[in-house]
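Novice: Contents of protein_22.csv (CSV, C-alpha atoms):
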chain,number,residue,atom,x,y,z
A,1,MET,CA,-59.0,1.4,12.4
A,2,LYS,CA,-58.7,-2.3,11.7
A,3,ARG,CA,-56.5,-2.6,14.8
A,4,ASN,CA,-59.1,-0.8,17.0
A,5,LEU,CA,-61.9,-3.1,15.7
A,6,LEU,CA,-59.9,-6.2,16.6
A,7,ALA,CA,-59.2,-4.8,20.1
A,8,ILE,CA,-62.9,-4.3,20.5
A,9,ALA,CA,-64.3,-7.5,19.0
A,10,ILE,CA,-62.1,-10.0,20.8
A,11,PRO,CA,-61.1,-8.9,24.3
A,12,ALA,CA,-63.8,-6.3,25.1
A,13,LEU,CA,-66.7,-8.6,24.5
A,14,LEU,CA,-65.1,-11.4,26.5
A,15,VAL,CA,-66.8,-14.1,24.4
A,16,ALA,CA,-67.1,-17.3,26.5
A,17,ALA,CA,-65.4,-20.6,25.6
A,18,GLY,CA,-68.9,-22.0,24.9
A,19,ALA,CA,-69.5,-19.3,22.2
A,20,ASN,CA,-67.0,-20.6,19.7
A,21,ALA,CA,-69.5,-20.6,16.8
A,22,SER,CA,-71.8,-17.6,17.4
A,23,ILE,CA,-74.4,-16.6,14.9
A,24,GLU,CA,-74.1,-13.1,13.4
A,25,VAL,CA,-77.6,-11.7,13.0
A,26,TRP,CA,-76.7,-8.1,12.2
A,27,ASN,CA,-73.7,-6.3,10.7
A,28,LYS,CA,-74.4,-3.0,9.1
A,29,ASP,CA,-73.3,0.6,9.3
A,30,GLY,CA,-70.9,0.0,12.2
A,31,ASN,CA,-73.5,-2.0,14.2
A,32,LYS,CA,-73.0,-5.7,14.9
A,33,VAL,CA,-75.0,-8.2,16.9
A,34,ASP,CA,-74.2,-11.9,17.6
A,35,PHE,CA,-76.2,-14.6,19.3
A,36,TYR,CA,-74.6,-17.7,20.8
A,37,GLY,CA,-75.8,-20.6,22.9
A,38,ARG,CA,-75.1,-24.0,24.5
A,39,VAL,CA,-77.0,-27.0,25.6
A,40,LYS,CA,-75.2,-29.5,27.9
A,41,ALA,CA,-76.8,-32.8,28.7
A,42,ALA,CA,-74.6,-34.3,31.5
A,43,ASN,CA,-74.8,-36.6,34.5
A,44,HIS,CA,-72.5,-37.0,37.6
A,45,ILE,CA,-72.4,-40.6,38.8
A,46,THR,CA,-71.4,-40.9,42.5
A,47,ASP,CA,-72.8,-41.4,46.0
A,48,ARG,CA,-76.3,-40.0,46.3
A,49,GLY,CA,-75.3,-38.1,49.4
A,50,GLN,CA,-72.7,-36.0,47.5
A,51,ASP,CA,-73.3,-32.5,46.3
A,52,GLY,CA,-73.7,-32.3,42.5
A,53,GLU,CA,-74.8,-35.9,42.1
A,54,GLY,CA,-77.1,-36.8,39.3
A,55,ASP,CA,-78.4,-34.8,36.3
A,56,ASP,CA,-76.4,-31.7,35.4
A,57,THR,CA,-78.2,-30.6,32.2
A,58,SER,CA,-78.3,-26.9,31.4
A,59,ALA,CA,-78.8,-24.4,28.6
A,60,ARG,CA,-77.3,-21.0,27.9
A,61,LEU,CA,-78.2,-18.2,25.6
A,62,GLY,CA,-76.2,-15.1,25.1
A,63,MET,CA,-76.0,-11.9,23.0
A,64,SER,CA,-73.1,-9.6,22.3
A,65,GLY,CA,-73.1,-6.4,20.3
A,66,GLN,CA,-71.1,-3.4,19.3
A,67,THR,CA,-71.7,-0.1,17.7
A,68,GLN,CA,-69.2,2.3,16.1
A,69,ILE,CA,-69.6,5.8,17.7
A,70,THR,CA,-66.6,7.6,16.2
A,71,ASP,CA,-63.4,6.4,14.5
A,72,GLY,CA,-61.8,5.7,17.8
A,73,ILE,CA,-64.7,4.9,20.1
A,74,THR,CA,-67.0,1.9,20.1
A,75,GLY,CA,-69.8,0.9,22.4
A,76,TYR,CA,-70.3,-2.7,23.4
A,77,GLY,CA,-72.5,-4.9,25.6
A,78,ARG,CA,-73.1,-8.5,26.5
A,79,TRP,CA,-75.8,-10.5,28.1
A,80,GLU,CA,-75.9,-14.3,28.9
A,81,TYR,CA,-78.5,-16.4,30.7
A,82,GLU,CA,-78.3,-20.0,32.0
A,83,ALA,CA,-81.2,-22.2,32.8
A,84,LYS,CA,-80.5,-25.4,34.9
A,85,ALA,CA,-82.7,-28.2,33.8
A,86,GLY,CA,-81.3,-31.0,35.9
A,87,LYS,CA,-81.4,-31.9,39.6
A,88,ASN,CA,-80.6,-28.2,40.4
A,89,SER,CA,-83.1,-26.1,38.6
A,90,ASN,CA,-81.7,-22.7,39.6
A,91,ASN,CA,-81.4,-20.1,36.8
A,92,GLU,CA,-78.8,-17.3,36.6
A,93,VAL,CA,-77.9,-14.2,34.6
A,94,ARG,CA,-74.3,-15.0,34.0
A,95,TYR,CA,-73.3,-11.7,32.3
A,96,ALA,CA,-75.0,-8.3,31.8
A,97,PHE,CA,-72.6,-5.4,31.1
A,98,ALA,CA,-72.0,-2.5,28.8
A,99,GLY,CA,-69.1,-0.3,28.1
A,100,LEU,CA,-66.9,1.8,25.8
A,101,ASN,CA,-63.7,0.8,24.0
A,102,PHE,CA,-61.2,3.6,23.2
A,103,GLY,CA,-58.8,1.5,21.1
A,104,ASP,CA,-55.2,1.7,22.3
A,105,LEU,CA,-56.4,3.7,25.4
A,106,GLY,CA,-58.3,0.6,26.6
A,107,SER,CA,-62.0,-0.2,27.5
A,108,PHE,CA,-64.3,0.5,30.4
A,109,ASP,CA,-67.5,-1.4,31.3
A,110,TYR,CA,-69.9,-1.8,34.2
A,111,GLY,CA,-72.3,-4.6,35.2
A,112,ARG,CA,-72.3,-8.2,36.1
A,113,ASN,CA,-69.0,-9.6,34.8
A,114,ASP,CA,-66.0,-11.7,35.6
A,115,GLY,CA,-64.0,-10.8,38.7
A,116,VAL,CA,-60.5,-9.5,37.7
A,117,LEU,CA,-58.8,-12.6,39.0
A,118,LYS,CA,-60.9,-14.9,36.8
A,119,ALA,CA,-58.5,-14.2,34.0
A,120,ILE,CA,-55.9,-16.2,35.9
A,121,THR,CA,-58.3,-19.0,37.2
A,122,ALA,CA,-59.2,-19.6,33.5
A,123,TYR,CA,-55.7,-21.0,32.9
A,124,THR,CA,-56.7,-24.2,34.7
A,125,ASP,CA,-60.5,-24.0,34.4
A,126,VAL,CA,-60.4,-26.1,31.2
A,127,LEU,CA,-61.4,-29.6,32.4
A,128,PRO,CA,-64.0,-31.5,30.4
A,129,GLU,CA,-66.6,-31.4,33.1
A,130,PHE,CA,-65.2,-30.5,36.6
A,131,GLY,CA,-62.7,-28.0,37.8
A,132,GLY,CA,-63.0,-24.3,38.5
A,133,GLU,CA,-62.6,-24.5,42.3
A,134,ALA,CA,-60.3,-21.5,42.3
A,135,ALA,CA,-63.1,-19.3,40.9
A,136,ASN,CA,-64.9,-19.0,44.2
A,137,ASN,CA,-65.6,-15.6,45.6
A,138,THR,CA,-65.9,-17.0,49.1
A,139,TRP,CA,-62.4,-18.5,49.0
A,140,ASN,CA,-60.7,-15.9,46.7
A,141,VAL,CA,-61.7,-12.3,46.3
A,142,LEU,CA,-62.9,-11.3,42.8
A,143,SER,CA,-62.1,-14.7,41.3
A,144,ALA,CA,-65.5,-15.5,39.8
A,145,ARG,CA,-68.5,-13.7,38.2
A,146,THR,CA,-69.8,-10.9,40.3
A,147,LYS,CA,-72.3,-8.1,40.1
A,148,ALA,CA,-71.8,-4.4,40.1
A,149,VAL,CA,-68.2,-4.3,38.9
A,150,ALA,CA,-66.5,-1.5,37.0
A,151,THR,CA,-63.6,-2.7,35.0
A,152,TYR,CA,-60.9,-1.0,32.9
A,153,ARG,CA,-58.9,-3.2,30.5
A,154,ASN,CA,-56.0,-2.5,28.2
A,155,ASN,CA,-55.1,-5.4,26.0
A,156,ASN,CA,-52.0,-4.0,24.2
A,157,PHE,CA,-50.4,-1.7,26.9
A,158,PHE,CA,-51.6,1.5,25.2
A,159,GLY,CA,-50.6,0.3,21.8
A,160,LEU,CA,-47.0,-0.4,22.7
A,161,SER,CA,-47.1,-4.2,22.9
A,162,ASP,CA,-49.8,-6.7,21.8
A,163,ASP,CA,-48.2,-9.2,24.2
A,164,LEU,CA,-48.8,-7.2,27.4
A,165,SER,CA,-52.3,-6.6,29.0
A,166,PHE,CA,-53.7,-5.5,32.3
A,167,ALA,CA,-57.0,-4.8,34.0
A,168,LEU,CA,-58.2,-2.8,37.0
A,169,GLN,CA,-61.5,-3.4,38.8
A,170,TYR,CA,-63.7,-2.1,41.5
A,171,ALA,CA,-66.7,-4.0,42.8
A,172,ASP,CA,-69.6,-2.1,44.6
A,173,ASN,CA,-72.0,-4.4,46.4
A,174,GLY,CA,-70.6,-7.4,44.4
A,175,ASP,CA,-70.5,-11.1,45.5
A,176,ASN,CA,-66.9,-11.0,46.8
A,177,SER,CA,-66.7,-11.1,50.5
A,178,TYR,CA,-68.6,-11.6,53.7
A,179,THR,CA,-67.0,-8.9,55.8
A,180,VAL,CA,-69.2,-6.6,57.8
A,181,ASP,CA,-69.2,-2.8,57.1
A,182,GLY,CA,-67.6,-0.9,59.9
A,183,LYS,CA,-69.3,2.4,59.1
A,184,LYS,CA,-72.2,3.4,61.3
A,185,PRO,CA,-75.5,4.4,59.6
A,186,SER,CA,-77.1,7.8,60.1
A,187,ILE,CA,-80.1,6.2,61.7
A,188,ASN,CA,-80.6,3.0,63.7
A,189,VAL,CA,-81.4,-0.2,61.7
A,190,LEU,CA,-82.5,-3.6,62.8
A,191,ASP,CA,-80.4,-6.7,62.2
A,192,GLU,CA,-81.7,-10.1,61.1
A,193,ASP,CA,-82.8,-10.9,64.6
A,194,GLY,CA,-84.8,-7.6,64.9
A,195,ASP,CA,-82.3,-6.0,67.3
A,196,LEU,CA,-80.8,-2.6,66.9
A,197,SER,CA,-77.6,-2.6,65.0
A,198,GLY,CA,-75.0,0.2,65.0
A,199,TYR,CA,-73.5,-0.8,61.7
A,200,LYS,CA,-74.6,-0.8,58.1
A,201,GLY,CA,-74.3,-4.5,57.5
A,202,VAL,CA,-72.6,-6.8,55.1
A,203,SER,CA,-69.9,-5.2,52.9
A,204,ARG,CA,-69.4,-6.3,49.4
A,205,GLU,CA,-66.9,-3.7,48.2
A,206,ALA,CA,-63.6,-4.9,46.7
A,207,TYR,CA,-60.9,-3.9,44.2
A,208,GLY,CA,-58.2,-5.7,42.3
A,209,ALA,CA,-55.9,-5.9,39.3
A,210,ASN,CA,-54.2,-8.4,37.0
A,211,ILE,CA,-51.4,-8.4,34.4
A,212,GLN,CA,-50.6,-10.9,31.7
A,213,TRP,CA,-47.7,-11.3,29.4
A,214,ASN,CA,-47.8,-13.5,26.2
A,215,ILE,CA,-44.1,-14.2,25.8
A,216,PHE,CA,-43.6,-13.4,22.1
A,217,ASP,CA,-44.6,-16.3,19.8
A,218,THR,CA,-43.6,-19.1,22.2
A,219,GLY,CA,-47.1,-20.0,23.2
A,220,LEU,CA,-46.2,-19.3,26.8
A,221,THR,CA,-48.2,-16.9,29.0
A,222,VAL,CA,-47.6,-15.8,32.5
A,223,GLY,CA,-50.0,-13.8,34.7
A,224,GLY,CA,-50.6,-12.6,38.2
A,225,GLY,CA,-53.2,-10.6,40.2
A,226,TYR,CA,-54.2,-9.1,43.5
A,227,ALA,CA,-57.6,-8.3,45.0
A,228,GLN,CA,-58.9,-7.4,48.4
A,229,THR,CA,-62.1,-6.4,50.1
A,230,ALA,CA,-62.4,-2.6,50.7
A,231,GLY,CA,-62.6,-0.8,54.0
A,232,LYS,CA,-62.7,-2.4,57.4
A,233,SER,CA,-65.4,-4.4,59.0
A,234,LYS,CA,-66.9,-3.7,62.4
A,235,TYR,CA,-65.2,-5.3,65.4
A,236,LEU,CA,-66.4,-8.9,65.9
A,237,GLU,CA,-64.2,-11.3,67.8
A,238,GLY,CA,-63.0,-14.0,65.4
A,239,GLY,CA,-64.8,-12.3,62.5
A,240,VAL,CA,-63.2,-11.4,59.2
A,241,LYS,CA,-61.9,-7.8,59.1
A,242,LYS,CA,-60.5,-7.9,55.6
A,243,ALA,CA,-59.7,-10.5,52.9
A,244,LYS,CA,-56.7,-10.3,50.6
A,245,THR,CA,-56.0,-12.6,47.6
A,246,TRP,CA,-53.0,-12.9,45.3
A,247,THR,CA,-52.5,-15.3,42.5
A,248,ALA,CA,-50.0,-16.3,39.8
A,249,GLY,CA,-50.3,-18.6,36.8
A,250,ILE,CA,-48.5,-19.9,33.8
A,251,LYS,CA,-49.7,-21.7,30.7
A,252,TYR,CA,-48.3,-23.1,27.5
A,253,ASP,CA,-50.5,-23.6,24.4
A,254,ASN,CA,-48.6,-24.7,21.3
A,255,TYR,CA,-48.2,-27.7,19.0
A,256,ASN,CA,-51.5,-29.3,20.2
A,257,LEU,CA,-50.1,-29.3,23.8
A,258,TYR,CA,-51.7,-27.4,26.6
A,259,LEU,CA,-50.0,-27.1,30.1
A,260,ALA,CA,-51.1,-24.8,32.9
A,261,ALA,CA,-50.5,-24.2,36.6
A,262,THR,CA,-52.1,-21.7,39.0
A,263,TYR,CA,-51.5,-20.8,42.6
A,264,PHE,CA,-53.9,-18.9,44.9
A,265,GLN,CA,-53.6,-17.6,48.4
A,266,THR,CA,-56.1,-15.7,50.4
A,267,LYS,CA,-55.5,-14.2,53.8
A,268,PHE,CA,-58.4,-13.4,56.1
A,269,ASN,CA,-57.5,-10.7,58.5
A,270,THR,CA,-59.5,-11.4,61.6
A,271,TRP,CA,-60.4,-9.6,64.9
A,272,ASN,CA,-58.5,-11.8,67.3
A,273,GLU,CA,-57.7,-10.9,70.9
A,274,ARG,CA,-54.6,-12.2,72.5
A,275,GLY,CA,-55.2,-15.4,74.5
A,276,VAL,CA,-54.5,-15.8,78.2
A,277,ASP,CA,-51.0,-17.1,77.1
A,278,GLY,CA,-50.4,-13.8,75.4
A,279,GLU,CA,-50.2,-15.4,71.9
A,280,ARG,CA,-52.2,-14.1,69.0
A,281,TYR,CA,-53.1,-16.7,66.4
A,282,ASP,CA,-52.1,-16.2,62.8
A,283,ASN,CA,-54.8,-15.0,60.4
A,284,PRO,CA,-56.2,-18.0,58.6
A,285,LYS,CA,-55.4,-18.6,54.9
A,286,ILE,CA,-56.7,-20.6,52.0
A,287,LYS,CA,-54.0,-21.9,49.7
A,288,GLY,CA,-54.7,-23.6,46.4
A,289,VAL,CA,-52.8,-25.1,43.5
A,290,GLU,CA,-54.1,-26.4,40.2
A,291,LEU,CA,-52.2,-28.3,37.5
A,292,VAL,CA,-53.5,-29.3,34.0
A,293,ALA,CA,-52.0,-31.1,31.0
A,294,GLN,CA,-53.9,-31.7,27.7
A,295,TYR,CA,-53.0,-32.8,24.3
A,296,GLY,CA,-55.1,-32.5,21.1
A,297,ILE,CA,-55.2,-35.4,18.6
A,298,ASP,CA,-56.7,-34.7,15.2
A,299,LEU,CA,-58.8,-37.7,13.9
A,300,GLY,CA,-60.5,-38.5,10.7
A,301,VAL,CA,-63.7,-37.1,12.2
A,302,GLY,CA,-63.1,-34.4,14.8
A,303,ARG,CA,-60.5,-33.9,17.5
A,304,LEU,CA,-59.9,-35.8,20.7
A,305,THR,CA,-58.3,-34.0,23.7
A,306,PRO,CA,-57.3,-36.2,26.7
A,307,SER,CA,-56.9,-34.3,30.0
A,308,LEU,CA,-55.1,-34.9,33.2
A,309,ALA,CA,-55.3,-32.5,36.3
A,310,TYR,CA,-54.5,-32.2,39.9
A,311,VAL,CA,-56.4,-29.8,42.2
A,312,GLN,CA,-55.9,-29.0,45.9
A,313,HIS,CA,-57.3,-26.1,48.0
A,314,LYS,CA,-56.8,-26.1,51.8
A,315,PHE,CA,-56.9,-24.0,55.0
A,316,SER,CA,-53.7,-23.1,56.7
A,317,ASN,CA,-52.7,-20.9,59.7
A,318,ILE,CA,-55.8,-21.9,61.8
A,319,SER,CA,-55.8,-22.3,65.5
A,320,SER,CA,-55.3,-25.8,66.9
A,321,GLU,CA,-58.4,-25.0,69.1
A,322,ASP,CA,-60.6,-24.8,66.0
A,323,TYR,CA,-61.9,-27.2,63.3
A,324,TYR,CA,-62.3,-30.4,65.2
A,325,TYR,CA,-64.3,-33.3,63.7
A,326,ASP,CA,-65.3,-34.4,67.2
A,327,ASP,CA,-63.8,-34.1,70.7
A,328,GLU,CA,-60.9,-36.4,69.9
A,329,HIS,CA,-60.1,-36.0,66.2
A,330,LYS,CA,-58.9,-32.9,64.5
A,331,GLN,CA,-60.7,-32.0,61.3
A,332,GLY,CA,-58.7,-32.2,58.1
A,333,ARG,CA,-58.0,-28.9,56.4
A,334,ASN,CA,-58.5,-29.8,52.7
A,335,LEU,CA,-61.4,-28.0,51.0
A,336,ALA,CA,-60.9,-29.8,47.6
A,337,LYS,CA,-58.3,-32.4,46.6
A,338,TYR,CA,-58.5,-34.7,43.6
A,339,VAL,CA,-56.9,-36.1,40.4
A,340,SER,CA,-58.9,-35.8,37.2
A,341,LEU,CA,-58.6,-38.0,34.1
A,342,GLY,CA,-60.9,-37.3,31.2
A,343,ALA,CA,-61.3,-36.4,27.5
A,344,THR,CA,-63.2,-34.1,25.2
A,345,TYR,CA,-64.2,-35.4,21.7
A,346,ASP,CA,-65.1,-32.5,19.4
A,347,LEU,CA,-66.9,-34.0,16.5
A,348,ASN,CA,-67.0,-30.6,14.9
A,349,LYS,CA,-67.1,-27.0,16.2
A,350,ASN,CA,-70.7,-27.4,17.3
A,351,PHE,CA,-70.9,-30.8,18.9
A,352,SER,CA,-68.8,-32.5,21.6
A,353,ALA,CA,-68.8,-35.5,23.9
A,354,ILE,CA,-67.2,-35.3,27.3
A,355,VAL,CA,-66.1,-37.9,29.9
A,356,GLU,CA,-64.2,-37.2,33.1
A,357,TYR,CA,-63.4,-39.3,36.2
A,358,LYS,CA,-62.6,-37.5,39.4
A,359,PHE,CA,-60.4,-39.5,41.9
A,360,ASN,CA,-61.5,-37.8,45.1
A,361,LEU,CA,-58.6,-37.6,47.6
A,362,LEU,CA,-60.5,-36.0,50.4
A,363,LYS,CA,-60.5,-37.8,53.8
A,364,LYS,CA,-63.6,-38.5,55.9
A,365,ARG,CA,-62.6,-35.8,58.4
A,366,ASP,CA,-61.7,-33.1,55.8
A,367,ILE,CA,-63.6,-29.8,55.8
A,368,GLY,CA,-64.2,-30.3,52.1
A,369,ALA,CA,-65.9,-33.7,52.8
A,370,GLU,CA,-68.5,-31.9,55.0
A,371,LEU,CA,-69.0,-29.1,52.4
A,372,ASN,CA,-69.4,-31.7,49.7
A,373,THR,CA,-72.0,-33.7,51.5
A,374,VAL,CA,-75.7,-32.9,51.2
A,375,ARG,CA,-77.0,-36.1,52.8
A,376,ALA,CA,-75.0,-37.3,55.8
A,377,SER,CA,-74.5,-41.1,56.2
A,378,SER,CA,-75.1,-43.0,59.4
A,379,GLY,CA,-72.2,-44.2,61.5
A,380,ASN,CA,-69.0,-42.7,62.7
A,381,TYR,CA,-68.3,-40.8,59.4
A,382,PRO,CA,-71.4,-38.8,58.4
A,383,TYR,CA,-69.4,-36.9,55.7
A,384,LYS,CA,-68.2,-40.1,53.9
A,385,PRO,CA,-70.4,-39.3,50.8
A,386,GLY,CA,-68.2,-36.2,50.2
A,387,THR,CA,-65.1,-38.4,49.7
A,388,LYS,CA,-66.5,-40.6,46.9
A,389,ASP,CA,-65.1,-40.6,43.3
A,390,VAL,CA,-67.2,-39.1,40.6
A,391,LEU,CA,-67.7,-40.0,36.9
A,392,GLY,CA,-69.0,-37.2,34.7
A,393,VAL,CA,-70.4,-37.9,31.2
A,394,GLY,CA,-72.1,-35.6,28.8
A,395,LEU,CA,-72.9,-34.3,25.3
A,396,ILE,CA,-72.7,-30.6,24.3
A,397,TYR,CA,-74.2,-28.7,21.4
A,398,GLN,CA,-73.2,-25.1,20.9
A,399,PHE,CA,-73.6,-22.4,18.4
Kindly return the structure encoded in the file as structure tokens.
Specialist:
Amino acid sequence: MKRNLLAIAIPALLVAAGANASIEVWNKDGNKVDFYGRVKAANHITDRGQDGEGDDTSARLGMSGQTQITDGITGYGRWEYEAKAGKNSNNEVRYAFAGLNFGDLGSFDYGRNDGVLKAITAYTDVLPEFGGEAANNTWNVLSARTKAVATYRNNNFFGLSDDLSFALQYADNGDNSYTVDGKKPSINVLDEDGDLSGYKGVSREAYGANIQWNIFDTGLTVGGGYAQTAGKSKYLEGGVKKAKTWTAGIKYDNYNLYLAATYFQTKFNTWNERGVDGERYDNPKIKGVELVAQYGIDLGVGRLTPSLAYVQHKFSNISSEDYYYDDEHKQGRNLAKYVSLGATYDLNKNFSAIVEYKFNLLKKRDIGAELNTVRASSGNYPYKPGTKDVLGVGLIYQF
């Protein structure tokens, strides 16, 4: 019984890193409810034309609960909301799901939840302020939070090993791809231009799996995963037919030292005709690598954790006829590339100070420089703002 409750309380609820000190408001007769929250007051100092510049203040509030149904079955749920109070005032329901945990037989839940590959992106998504580029559903399938996902998890391999876990997931109408459904509707529908369309529209179906192994008591964990969009999109020359992502990661967390590395690769199967030369261009890919090293230092008051990271994500296997900055210069293929140096100072479990400097390694003609620019500069290099370094500073209160 105790073993089943632990399996429910920790992995099934997927308590976020910002919920380290939740408040238990109810625990009686097999029912338990916790509330948690976080307020982050932060600012990104960089060129005013760069995306994300300025105030990045936000607040989160969440609730998790569980109820004992029988000796072997427990129901659980989680909800979390974030309000942006800075330059970007968009609000978001981050999590909203409910499910059942069957102890050694695993758990099943449905709702808005993490994509199945986010378990691997989390290895390197630990920087004080920045990071997390791999958790991007446009680049990598089911790598970030998404809606309408059904997930099965087993965190002790059916009771045989506490060191081995896996998860299976199916997303129906989630935020995981931009392929177009290849199935024709029973009636004619209008597209966004008001024209008749013979196809249903954008497809968001996807499925995936991950597996992780905590290597005994060494502090070492290895993991891997695969996800792809479901079905096949309608024919569209140059359009994406199907997207497939695989990833692998490794992390070490012991003796105050944290080391982690992740690798991602997504292949976009496209509808490409053979050219006049008879050649068919390779399907484009996005490849990414992230490396992190951190070390915790206990002080008289609190704990200081310096952090060093390297992040790069780029396009590969794209036609030489595509992605030109102008008529003469080929556009660089980097989507993100930087070195990060920073630190987190935890004064106690509820209050932290963060600082991080991002050494931006993007070039003026990189694709990522364009994506990272919201206000183009004048002159020969309009996307120069997207190449500037960034200093992030902030204070965090959480409960």
Novice: List as number ranges by chain the protein and nucleic acid residues near region 139-143 of chain A, meaning an atom at most 7 Å away when only C-alpha atoms are counted, but skip any in the same chain fewer than 5 places from it.
Specialist: A: 115-118, 176-177, 227-228, 244-245, 266, 286
Novice: Counting all atoms listed in the file, figure out which residue out of A:Pro306, A:Gly288, A:Gly300, A:Gly54 gets nearest to Leu257 (chain A).
Specialist: A:Pro306
Novice: Have a look at A:Pro128, A:Gly223, A:Gly159, A:Gly52 and name the one nearest to Val393 (chain A); count all atoms listed in the file.
Specialist: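 The answer is A:Pro128, which sits nearest to Val393 (chain A).
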Novice: Tell me which of A:Phe216, A:Phe166, A:Trp246, A:Phe399 sits closest to Gly62 (chain A), counting all atoms listed in the file.
Specialist: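 For Gly62 (chain A), the nearest of the candidates is A:Phe399.
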Novice: Leaving out Gln169 (chain A) and any residue of its chain fewer than 3 positions from it, which residues lie within 10 Å of it when counting all atoms listed in the file, given as a ChimeraX atom specification?
Specialist: /A:108-110,114-117,142,149-153,206-210,227
Novice: How many Å lie between CA of Ser316 (chain A) and CA of Thr146 (chain A), rounded to one decimal?
Specialist: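 About the pair CA of Ser316 (chain A) and CA of Thr146 (chain A): they are 26.0 Å apart.
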Novice: What's the separation between CA of Thr138 (chain A) and CA of Lys241 (chain A), in Å to one decimal place?
Specialist: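 So the two atoms, CA of Thr138 (chain A) and CA of Lys241 (chain A), lie 14.2 Å apart.
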Novice: For Ile215 (chain A), list every protein, DNA or RNA residue within 12 Å, evaluated using all atoms listed in the file, and leave out those in the same chain fewer than 3 positions away; present the list as a count of residues only.
Specialist: 16
Novice: Quick one: residues within 8 Å of Arg60 (chain A), only C-alpha atoms, excluding same-chain residues fewer than 2 positions away - as a PyMOL selection string?
Specialist: chain A and resi 37-39+58+62+80-83
Novice: Could you turn the residues from that selection into a file that holds C-alpha atoms, as a PDB file, in the coordinates of the input?
Specialist:
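Saved file selection.pdb follows:
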ATOM      1  CA  GLY A  37     -75.800 -20.600  22.900  1.00  0.00           C
ATOM      2  CA  ARG A  38     -75.100 -24.000  24.500  1.00  0.00           C
ATOM      3  CA  VAL A  39     -77.000 -27.000  25.600  1.00  0.00           C
ATOM      4  CA  SER A  58     -78.300 -26.900  31.400  1.00  0.00           C
ATOM      5  CA  GLY A  62     -76.200 -15.100  25.100  1.00  0.00           C
ATOM      6  CA  GLU A  80     -75.900 -14.300  28.900  1.00  0.00           C
ATOM      7  CA  TYR A  81     -78.500 -16.400  30.700  1.00  0.00           C
ATOM      8  CA  GLU A  82     -78.300 -20.000  32.000  1.00  0.00           C
ATOM      9  CA  ALA A  83     -81.200 -22.200  32.800  1.00  0.00           C
TER      10      ALA A  83
END
Novice: Have a look at CA of Leu304 (chain A) and CA of Tyr123 (chain A) and let me know their distance in Å, one decimal.
Specialist: 19.6 Å
Novice: Could you give me, as a ChimeraX atom specification, the residues that sit within 7 Å of (-71.3, -4.2, 17.0) in the file's coordinates, counting all atoms listed in the file?
Specialist: /A:30-33,65-68,76
Novice: Which residues are close to region 352-358 of chain A, i.e. within 12 Å by all atoms listed in the file, leaving aside same-chain residues fewer than 6 positions away? Reply as a PyMOL selection string.
Specialist: chain A and resi 18+38-46+126-131+301-311+336-346+387-399
Novice: From the options A:Phe157, A:Tyr258, A:Tyr36, A:Phe264, which residue's atoms come nearest to Tyr226 (chain A), counting all atoms listed in the file?
Specialist: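 Among the listed residues, A:Phe264 lies closest to Tyr226 (chain A).
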Novice: From the options A:Ile69, A:Leu100, A:Ala134, A:Ala144, which residue's atoms come nearest to Leu291 (chain A), counting all atoms listed in the file?
Specialist: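 So, comparing all the options, the nearest one is A:Ala134.
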Novice: Looking at only C-alpha atoms, which of A:Ile23, A:Asn137, A:Glu53, A:Thr74 is the one that sits closest to Thr373 (chain A)?
Specialist: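 The shortest atom-to-atom distance to Thr373 (chain A) comes from A:Glu53.
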Novice: Within 9 Å of (-58.9, -38.1, 51.7) (coordinates as in the file), grab all the protein and nucleic acid residues, counting all atoms listed in the file, and write them out as a ChimeraX atom specification.
Specialist: /A:332,334,337-338,360-366,369,387
Novice: Generate N, CA and C atoms for region 34-42 of chain A and emit them as a JSON list (two decimals), keeping the file's coordinate frame.
Specialist:
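out08.json was written with the following content:
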[["chain", "number", "residue", "atom", "x", "y", "z"],
["A", 34, "ASP", "N", -74.38, -10.43, 17.65],
["A", 34, "ASP", "CA", -74.20, -11.90, 17.60],
["A", 34, "ASP", "C", -75.01, -12.57, 18.66],
["A", 35, "PHE", "N", -75.52, -13.74, 18.35],
["A", 35, "PHE", "CA", -76.20, -14.60, 19.30],
["A", 35, "PHE", "C", -75.37, -15.89, 19.45],
["A", 36, "TYR", "N", -75.32, -16.44, 20.65],
["A", 36, "TYR", "CA", -74.60, -17.70, 20.80],
["A", 36, "TYR", "C", -75.38, -18.51, 21.93],
["A", 37, "GLY", "N", -75.17, -19.80, 21.94],
["A", 37, "GLY", "CA", -75.80, -20.60, 22.90],
["A", 37, "GLY", "C", -75.17, -21.96, 23.11],
["A", 38, "ARG", "N", -75.61, -22.67, 24.15],
["A", 38, "ARG", "CA", -75.10, -24.00, 24.50],
["A", 38, "ARG", "C", -76.07, -24.81, 25.21],
["A", 39, "VAL", "N", -76.19, -26.07, 24.84],
["A", 39, "VAL", "CA", -77.00, -27.00, 25.60],
["A", 39, "VAL", "C", -76.07, -28.16, 26.02],
["A", 40, "LYS", "N", -76.00, -28.39, 27.33],
["A", 40, "LYS", "CA", -75.20, -29.50, 27.90],
["A", 40, "LYS", "C", -76.06, -30.48, 28.57],
["A", 41, "ALA", "N", -76.03, -31.71, 28.09],
["A", 41, "ALA", "CA", -76.80, -32.80, 28.70],
["A", 41, "ALA", "C", -75.73, -33.69, 29.43],
["A", 42, "ALA", "N", -75.69, -33.63, 30.76],
["A", 42, "ALA", "CA", -74.60, -34.30, 31.50],
["A", 42, "ALA", "C", -75.16, -34.95, 32.76]]
